[in-house]
Structure formats: structure tokens, C-alpha cells
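First comes the structure, then the notes that go with it.
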Amino acid sequence: GLIPGNNISHPVINKRRRKRTDADIATATECEIATEEKILLLVSSSLNDKTSLPGHVYRCLMKDYKSRAYNRVKSRIKQKQDVADVKESWHEGTRYEINANMSSTSQGHNTEEETECSFERGTRQDTHAVIKYITATFLEVKPGFCASPAITESTATAVEVLVFGEIYDYVYDEIVEETKQKDSNLYLKIEMFLKNKFSKHEAQKEDSSLFLDEESCEYKSYLECIEDNISNEALNTLRMLPEAHCIADKLMYCVDFLEHIAKRFHDSNDDDCNKKDDHKRSAVTICADSLLKMVCQHIVVAGVPNINAEISFLEEFARDEQLLRGIKGYALITIQASLHFMNASSNFDLDIFYDET
């Protein structure tokens with residue numbers, strides 16, 4: 001005879017199991033699973049379901065997205081090779097041939113230039129479209145996730161986490177390419193600043209110890225000033241920024257970064273008051289100018305690669321709902337202002353590390 005259940009197809013069995021799993025997740029208490037984690041699990045389950053409309057849309061869009069991104073990368077590589085070939089031909093003295101080729105194919109070059117311009121933001125535009133369309137499809141199929149603005153916002157964040165989990169490198173590489181010159185100039189200024197301040201002689205530049213001239217009063221006070229303002233916790237948090245691949249995590253690191261800086265400021269003021277035996281001291285709050293200066297100092301010391309690209313990524317994809325929550329928006333704006341100041345500065349010694357007191 002037939003064994004009960006053997007005549008049921010596997011897709012049906014998988015669908016039943018998925019429904020039971022989703023029901024268990026949905027009915028779990030807050031103590032068992034936090035609401036945001038619960039939403040992430042349910043969204044992930046739906047997008048990974050091959051039989052669901054959101055899952056079908058997700059897979060098709062991801063396939064097309066990666067194909068378009070791959071073609072853009074190939075196009076950039078080809079254009080760079082063409083530029084290298086032109087330069088090589090120029091150095092060989094074939095100026096006449098180059099001019100002839102350029103005049104005969106001017107229309108083709110214009111087309112390539114237009115294509116290059118369209119590729120500058122192509123990956124980012126595709127990313128916005130993919131996230132928006134997948135979120136809209138999911139909310140249409142699962143109207144229960146529109147029950148409140150908070151749940152809808154958490155759903156959009158969950159979709160972002162899953163999408164960036166697959167395509168982060170594509171979009172981030174495009175931003176890095178755009179901010180390459182800005183980051184290169186910034187780290188060149190940082191390198192020159194550190195060499196000028198911590199190396200009195202050419203021989204000390206390759207020395208592993210940067211603190212050989214502590215006998216100099218000016219140099220020693222300078223080091224003490226840096227040590228008083230720098231928080232190791234803040235440095236470690238800022239260095240974690242490239243490890244995060246979604247907006248929510250990057251914003252969280254920005255907030256923690258500023259909180260560690262503020263804590264360092266308050267601890268330093270408490271130490272100063274204790275040294276002066278001031279028993280009537282009041283709470284000292286950090287002003288915006290002091291905060292910006294300390295953020296700049298930490299960026300100099302932390303040495304985070306592609307810091308401009310990191311902040312540009314947040315500028316591009318952070319939603320208004322995330323930035324209007326107060327502390328996250330303030331943290332991002334503060335780091336933006338600090339980076340803008342550093343990119344424009346020509347003298348870190350006077351602009352960032354100069355102590356007016």
C-alpha cells in the first residue's frame with residue numbers, strides 16, 4: 001500500500017514547513033525574539049521562498065542587477081586599457097596616427113564619453129530601484145507589515161540588509177572610484193602632517209618609534225594634548241565602519257563613535273577638576289566646535305581607508321526616516337562636517353590640533 005504522505009510533492013511540504021516556521025516566529029514573544037529581528041527573519045523567509053512573488057522578484061532583480069554591474073566593470077576596464085594604449089602610442093611618437101584616429105572616430109568617442117557619464121551613478125541608481133521595488137512588492141503581498149510606521153520602517157531596513165548582503169561590493173566600489181582622488185588627497189595630507197610632527201630628522205621617518213624627541217617641551221606638550229583627546233574606544237569603533245555592509249550598522253557605529261568621544265571629553269574634564277580640587281564643579285558639555293575638532297583628530301589617528309567613500313555611502317542610501325531619529329542624523333552630519341573641514345584644510349596643525357588654551 002501507499003505510505004501516507006508520499007504522494008505529496010516536495011514544494012507543498014516545503015511550503016507547509018515554511019508557514020509553520022513563519023507562524024512560530026510571528027507568535028514568539030518579545031523576550032524570545034526582538035521585534036526587529038523577527039521582521040528580518042520573516043522578510044528573509046519570504047524573499048528566499050521560490051514560490052512567493054517577493055522571492056521571484058528578488059531573484060530576477062538580483063540576477064539582472066549583477067549582470068548590469070558586471071558589464072559596467074568590464075566597460076571601465078576596457079576604457080582604462082584604451083587610455084593606456086593611447087598614452088603608450090603617444091610616447092612612441094605616433095601623434096599623427098592618434099589625431100587621425102580621433103578625427104575619424106570622434107562620434108564614437110563622444111558616445112563612449114556619454115556612456116561613461118551614464119555609468120558614473122548607474123550602480124547606485126540600480127540599487128535604489130531594486131530596494132524600492134522589492135520593498136513595495138513585499139508590502140503589497142504582506143499588508144500586515146504596513147500596520148504601523150515603525151513596522152514598515154523595520155521592514156524597509158530588513159530589505160536593505162538582505163539586498164546589501166548580496167550587492168554591497170558593487171555599489172561600494174563605484175563610490176570608492178568616485179571619491180578616490182578626495183581620499184588620496186586627504187591621506188596624503190595626513191601622512192605629511194604626521195611626518196612633520198613626529199619626525200624631526202629624515203632618519204626617524206622609517207623608525208618604528210615616533211616619540212624620540214620627548215625632551216622638546218613643545219613636542220612633549222603636543223603629544224600630551226593628543227593623548228588627552230584621543231579615545232581608544234572611539235578609534236576602534238570608527239575602524240569598524242568598513243566592516244559594516246548595511247546602513248543601520250554603519251549609522252550605529254557613527255553614533256557609538258561620537259558617544260565615545262563625548263565620554264572621553266567628560267572624563268578629561270573630570271580629571272582636570274580633580275587635579276584642581278574643585279569640589280563645586282558643574283557638568284561640562286562639549287560644544288559643537290570642540291566636538292568637530294575632536295572628530296577630526298580621531299579621523300587623523302584612526303587611518304580608516306576610504307573614509308570619504310564610507311560617508312558618501314551613508315549620504316547616498318540613508319533614508320530620511322533613519323536620519324530624523326535625532327542622534328543618528330546628528331552623528332552623520334557631524335562626521336560629514338568634520339570630513340569637509342579636513343578636505344578643505346591646508347594646515348592640520350593650526351586647524352585641528354592647535355590648542356587655544
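Labels for the C-alpha cells follow display order: chains A, B, ..., residues from 1 in each chain, ligands from 1.
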
Range 172-188 of chain A surroundings by only C-alpha atoms, 8 Å radius, close-in-sequence under 4 positions cut, as number ranges by chain: A: 120-121, 123-124, 168, 192, 306-309, 312-313, 342-343

Please produce a file of the residues just selected, as a short mmCIF file (atom, residue, chain, number, x, y, z; two decimals), in the first residue's frame, where the atoms kept are C-alpha atoms.
```cif
data_model
loop_
_atom_site.label_atom_id
_atom_site.label_comp_id
_atom_site.auth_asym_id
_atom_site.auth_seq_id
_atom_site.Cartn_x
_atom_site.Cartn_y
_atom_site.Cartn_z
CA GLU A 120 29.09 57.09 -13.02
CA ARG A 121 25.94 56.56 -10.93
CA THR A 123 25.07 51.06 -10.00
CA ARG A 124 23.71 53.36 -7.33
CA TYR A 168 27.37 45.79 -1.38
CA MET A 192 52.66 64.69 5.61
CA ASN A 306 38.30 55.31 2.06
CA ILE A 307 36.66 57.36 4.81
CA ASN A 308 35.12 59.74 2.25
CA ALA A 309 33.60 56.77 0.43
CA SER A 312 29.29 59.13 0.81
CA PHE A 313 27.69 55.68 1.02
CA MET A 342 39.62 68.24 6.73
CA ASN A 343 39.35 68.02 2.94
#
```

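In terms of minimum interatomic distance to Leu42 in chain A, A:Phe138 ranks closest within A:Tyr65, A:Phe138, A:Tyr70, A:Tyr58, counting only C-alpha atoms.
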
Non-local contacts of Leu162 in chain A (9 Å; only C-alpha atoms; under 4 positions in same chain excluded) as a list in words: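 Selected residues are Leu40, Val43, Ser44, Leu47, Thr157, Ala158, Glu166 and Cys246 of chain A.
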
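Atom pair CA of Asn196 in chain A / CA of Arg239 in chain A: separated by 24.1 Å.
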
Long-range neighbours of Cys60 in chain A as JSON, numbers by chain, 12 Å cut-off, only C-alpha atoms, 4 positions minimum in chain: {"A": [47, 50, 53, 54, 55, 56, 64, 65, 66, 67, 130, 133, 134]}

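Nearest to Ile311 in chain A of all the residues A:Asn232, A:Thr334, A:Gln297, A:Ser148 is A:Thr334, counting only C-alpha atoms.
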
Polymer residues at most 12 Å from Ala337 in chain A, only C-alpha atoms, same-chain spacing of 2 or more positions, as a list in words: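 Residues meeting the cut-off are Ala288, Asp289, Leu291, Leu292, Lys293, Val295, Cys296, Asn308, Ile311, Tyr330, Ala331, Leu332, Ile333, Thr334, Ile335, Leu339, His340, Phe341, Met342, Asn343 and Ala344 of chain A.
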
Top pick for closest residue to Gln125 in chain A, considering A:Ala69, A:Leu324, A:Cys146, A:Ile151 and counting only C-alpha atoms: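 So, comparing all the options, the nearest one is A:Ala69.
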
Pick from A:Ser290, A:Gln81, A:Gln322, A:Ser338, whichever lies nearest to Leu251 in chain A using only C-alpha atoms: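 Smallest separation from Leu251 in chain A among the options: A:Gln322.
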
For CA of Leu238 in chain A and CA of Asp256 in chain A, the interatomic separation in Å (one decimal):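 Pair CA of Leu238 in chain A / CA of Asp256 in chain A returns 8.6 Å.
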